[in-house]
Amino acid sequence: MKKIICALAVLALALLFALPAFAAPPLLTDEAGLLSAAEAAALEEKLQALSDRWDMDVAVVTAASTQGATPMEFADDWFDYNGYGRGENYDGLLLLIHTDKDPPGGWISTCGRAVGVFTDAGIQFIGKQIKADGLDEGDTAAALDSFADWCEKFFAQAETGKPFDEGSLPKTSGDYARIALLGLLGGLGIAWVVTKRMQNSLKTVRKNNQAADYVRPGSLRVVYANERFLYKNVTRVKRETSSGGGGGSSTHTSSSGRTHGGGGF
């Protein structure tokens with residue numbers, strides 16, 4: 001009898017310690033088979049470190065089809081019904097890559113604190129970077145690695161109390177290249193103006209299209225002058241008014257009743 005009780009106690013302890021392992025869903029699910037085993041392992045390790053550092057689940061799912069649901073519904077339900085989200089508010093986000101269109105599309109679903117970290121404008125920005133960094137060319141591993149890197153930057157920025165949003169999105173390498181090009185063109189323009197002025201100052205004879213310089217002072221007398229008003233033209237342009245600024249995160253309720261933010265690309 002004692003042996004049976006001891007065995008049941010050991011089994012209970014084993015189940016107790018095994019529960020956390022079963023409770024934590026995988027942060028990467030590659031149903032569409034877009035990653036190699038090595039790429040998947042490296043990405044999952046990166047997602048785990050990111051999630052632990054910021055205490056929010058950062059998950060990625062690839063799917064060949066959204067099974068008749070919209071990308072928003074699919075991503076929200078996958079997040080809710082697979083046990084993602086940390087804390088009482090289910091803090092976290094999930095990136096869905098669906099390959100039922102060419103090039104593949106995506107949706108980012110946010111929940112809890114992640115809603116404020118990833119604003120509508122921020123999600124569109126990340127989506128654009130993911131597509132440019134490999135998704136449109138079929139390099140899914142590079143695209144998802146870029147996603148993880150941008151998540152890190154967005155988390156860090158949100159810690160300052162001013163998350164990336166409309167009008168304050170991060171600069172990319174392309175932005176810096178454009179700034180450098182504009183600076184170069186501006187410098188060339190200034191140099192041309194200065195050189196032109198120096199060149200003109202060296203000329204002692206210039207073409208004159210006015211006859212006033214050739215008239216002897218006092219030789220021309222006006223005995224009668226009159227001005228007559230004929231008409232005037234008035235052009236009116238309607239002034240457009242702004243309806244207010246945007247920004248922030250829009251939200252919706254998923255089928256589970258939770259509040260989610262998010263956006264597609």
# chains A, B, ... in the order shown; residues from 1 in each chain; ligands from 1

$ residues_around --residues "range 108-114 of chain A" --least-positions-apart "4" --cutoff "8 Å" --atoms "only C-alpha atoms" --output "ChimeraX atom specification"
/A:56,72,75-76,79,85,89-96,118,123,259-264

$ select_by_dssp --residues "range 60-166 of chain A" --states "strand (DSSP E or B)" --output "number ranges by chain"
A: 60-63, 86, 91-98, 105-111

$ write_last_selection --atoms "N, CA, C and O atoms" --output "CSV table (one decimal), in the first residue's frame"
chain,number,residue,atom,x,y,z
A,60,VAL,N,5.1,33.7,-34.0
A,60,VAL,CA,5.0,33.8,-35.5
A,60,VAL,C,4.3,32.5,-35.9
A,60,VAL,O,4.6,31.4,-35.5
A,61,VAL,N,3.4,32.7,-36.8
A,61,VAL,CA,2.7,31.5,-37.5
A,61,VAL,C,2.7,31.7,-39.0
A,61,VAL,O,2.4,32.8,-39.5
A,62,THR,N,3.0,30.6,-39.7
A,62,THR,CA,2.9,30.7,-41.1
A,62,THR,C,1.8,29.6,-41.5
A,62,THR,O,1.7,28.6,-40.9
A,63,ALA,N,1.0,30.0,-42.5
A,63,ALA,CA,-0.1,29.1,-42.9
A,63,ALA,C,-0.3,29.2,-44.4
A,63,ALA,O,-0.2,30.3,-44.9
A,86,ARG,N,0.8,36.9,-21.9
A,86,ARG,CA,1.3,36.8,-20.5
A,86,ARG,C,0.5,37.8,-19.6
A,86,ARG,O,0.2,38.9,-20.0
A,91,ASP,N,-0.7,39.8,-22.5
A,91,ASP,CA,0.2,40.7,-23.2
A,91,ASP,C,1.0,39.9,-24.3
A,91,ASP,O,1.6,38.9,-23.9
A,92,GLY,N,0.9,40.4,-25.5
A,92,GLY,CA,1.7,39.8,-26.5
A,92,GLY,C,1.2,40.1,-27.9
A,92,GLY,O,0.3,40.9,-28.1
A,93,LEU,N,1.9,39.6,-28.9
A,93,LEU,CA,1.5,39.8,-30.3
A,93,LEU,C,1.9,38.6,-31.1
A,93,LEU,O,2.7,37.8,-30.7
A,94,LEU,N,1.2,38.5,-32.2
A,94,LEU,CA,1.4,37.3,-33.1
A,94,LEU,C,1.4,37.8,-34.6
A,94,LEU,O,0.6,38.6,-35.0
A,95,LEU,N,2.5,37.4,-35.3
A,95,LEU,CA,2.6,37.7,-36.7
A,95,LEU,C,2.1,36.5,-37.5
A,95,LEU,O,2.7,35.4,-37.3
A,96,LEU,N,1.1,36.7,-38.3
A,96,LEU,CA,0.7,35.6,-39.2
A,96,LEU,C,1.2,35.9,-40.6
A,96,LEU,O,1.0,37.0,-41.2
A,97,ILE,N,1.9,34.9,-41.2
A,97,ILE,CA,2.2,35.0,-42.7
A,97,ILE,C,1.4,34.0,-43.4
A,97,ILE,O,1.5,32.8,-43.1
A,98,HIS,N,0.6,34.4,-44.3
A,98,HIS,CA,-0.3,33.5,-45.1
A,98,HIS,C,0.1,33.5,-46.5
A,98,HIS,O,0.3,34.6,-47.1
A,105,GLY,N,1.0,37.5,-47.8
A,105,GLY,CA,0.6,38.6,-47.0
A,105,GLY,C,0.7,38.3,-45.5
A,105,GLY,O,1.2,37.2,-45.1
A,106,GLY,N,0.4,39.3,-44.7
A,106,GLY,CA,0.6,39.1,-43.3
A,106,GLY,C,-0.4,39.9,-42.5
A,106,GLY,O,-1.1,40.8,-43.0
A,107,TRP,N,-0.5,39.5,-41.2
A,107,TRP,CA,-1.3,40.3,-40.2
A,107,TRP,C,-0.6,40.2,-38.9
A,107,TRP,O,-0.1,39.1,-38.5
A,108,ILE,N,-0.6,41.3,-38.2
A,108,ILE,CA,0.0,41.4,-36.8
A,108,ILE,C,-1.2,41.6,-35.9
A,108,ILE,O,-1.9,42.6,-36.0
A,109,SER,N,-1.4,40.7,-35.0
A,109,SER,CA,-2.4,40.8,-33.9
A,109,SER,C,-1.8,41.1,-32.6
A,109,SER,O,-0.8,40.5,-32.2
A,110,THR,N,-2.3,42.1,-31.9
A,110,THR,CA,-1.7,42.6,-30.6
A,110,THR,C,-2.8,42.4,-29.5
A,110,THR,O,-4.0,42.5,-29.8
A,111,CYS,N,-2.3,42.2,-28.3
A,111,CYS,CA,-3.2,42.1,-27.2
A,111,CYS,C,-2.5,42.6,-25.9
A,111,CYS,O,-1.3,42.6,-25.8

$ select_by_dssp --residues "range 35-173 of chain A" --states "alpha helix (DSSP H)" --output "JSON, numbers by chain"
{"A": [37, 38, 39, 40, 41, 42, 43, 44, 45, 46, 47, 48, 49, 50, 51, 52, 53, 54, 71, 72, 73, 74, 75, 76, 77, 78, 79, 80, 81, 114, 115, 116, 117, 120, 121, 122, 123, 124, 125, 126, 127, 128, 129, 130, 140, 141, 142, 143, 144, 145, 146, 147, 148, 149, 150, 151, 152, 153, 154, 155, 156, 157, 158, 173]}

$ write_last_selection --atoms "C-alpha atoms" --output "CSV table (one decimal), in the first residue's frame"
chain,number,residue,atom,x,y,z
A,37,ALA,CA,15.0,23.2,-39.5
A,38,ALA,CA,18.0,25.4,-38.7
A,39,GLU,CA,16.2,28.6,-39.6
A,40,ALA,CA,13.2,27.7,-37.5
A,41,ALA,CA,15.4,26.8,-34.5
A,42,ALA,CA,17.3,30.1,-34.7
A,43,LEU,CA,14.2,32.1,-35.0
A,44,GLU,CA,12.4,30.4,-32.2
A,45,GLU,CA,15.4,31.0,-29.9
A,46,LYS,CA,15.3,34.7,-30.8
A,47,LEU,CA,11.6,34.9,-30.2
A,48,GLN,CA,11.9,33.3,-26.8
A,49,ALA,CA,14.7,35.7,-25.7
A,50,LEU,CA,12.6,38.6,-27.0
A,51,SER,CA,9.5,37.4,-25.1
A,52,ASP,CA,11.3,36.8,-21.9
A,53,ARG,CA,13.1,40.2,-22.0
A,54,TRP,CA,10.0,42.2,-22.4
A,71,PRO,CA,-6.4,37.1,-41.7
A,72,MET,CA,-7.5,39.2,-38.7
A,73,GLU,CA,-9.9,36.5,-37.5
A,74,PHE,CA,-7.3,33.7,-38.1
A,75,ALA,CA,-4.5,35.6,-36.2
A,76,ASP,CA,-6.7,36.6,-33.3
A,77,ASP,CA,-8.2,33.1,-32.8
A,78,TRP,CA,-4.8,31.5,-33.1
A,79,PHE,CA,-3.5,33.8,-30.4
A,80,ASP,CA,-6.5,33.4,-28.1
A,81,TYR,CA,-7.2,29.6,-28.4
A,114,ALA,CA,1.3,45.2,-27.0
A,115,VAL,CA,-1.6,47.2,-28.3
A,116,GLY,CA,0.0,50.4,-27.1
A,117,VAL,CA,3.5,49.4,-28.2
A,120,ASP,CA,-1.6,51.2,-36.4
A,121,ALA,CA,1.1,53.3,-38.1
A,122,GLY,CA,3.8,51.2,-36.5
A,123,ILE,CA,2.3,47.9,-37.7
A,124,GLN,CA,2.1,49.3,-41.2
A,125,PHE,CA,5.7,50.3,-41.0
A,126,ILE,CA,6.9,46.9,-39.7
A,127,GLY,CA,4.8,45.2,-42.5
A,128,LYS,CA,6.5,47.3,-45.1
A,129,GLN,CA,10.0,46.4,-43.7
A,130,ILE,CA,9.2,42.7,-43.6
A,140,THR,CA,11.0,34.2,-45.4
A,141,ALA,CA,13.8,33.6,-42.9
A,142,ALA,CA,15.3,37.1,-43.5
A,143,ALA,CA,11.9,38.7,-43.3
A,144,LEU,CA,11.0,37.0,-40.0
A,145,ASP,CA,14.4,37.9,-38.6
A,146,SER,CA,13.8,41.5,-39.5
A,147,PHE,CA,10.4,41.3,-37.7
A,148,ALA,CA,12.1,40.2,-34.5
A,149,ASP,CA,14.7,43.0,-34.8
A,150,TRP,CA,12.0,45.6,-35.3
A,151,CYS,CA,10.0,44.3,-32.4
A,152,GLU,CA,13.0,44.8,-30.2
A,153,LYS,CA,13.3,48.4,-31.3
A,154,PHE,CA,9.6,49.1,-30.8
A,155,PHE,CA,9.6,47.6,-27.3
A,156,ALA,CA,12.7,49.8,-26.4
A,157,GLN,CA,11.0,52.9,-27.8
A,158,ALA,CA,7.8,52.3,-25.9
A,173,SER,CA,18.7,53.0,-44.2

$ atom_distance --atom1 "CA of Lys171 in chain A" --atom2 "CA of Asp133 in chain A"
14.9 Å

$ atom_distance --atom1 "CA of Asp165 in chain A" --atom2 "CA of Ser249 in chain A"
9.0 Å
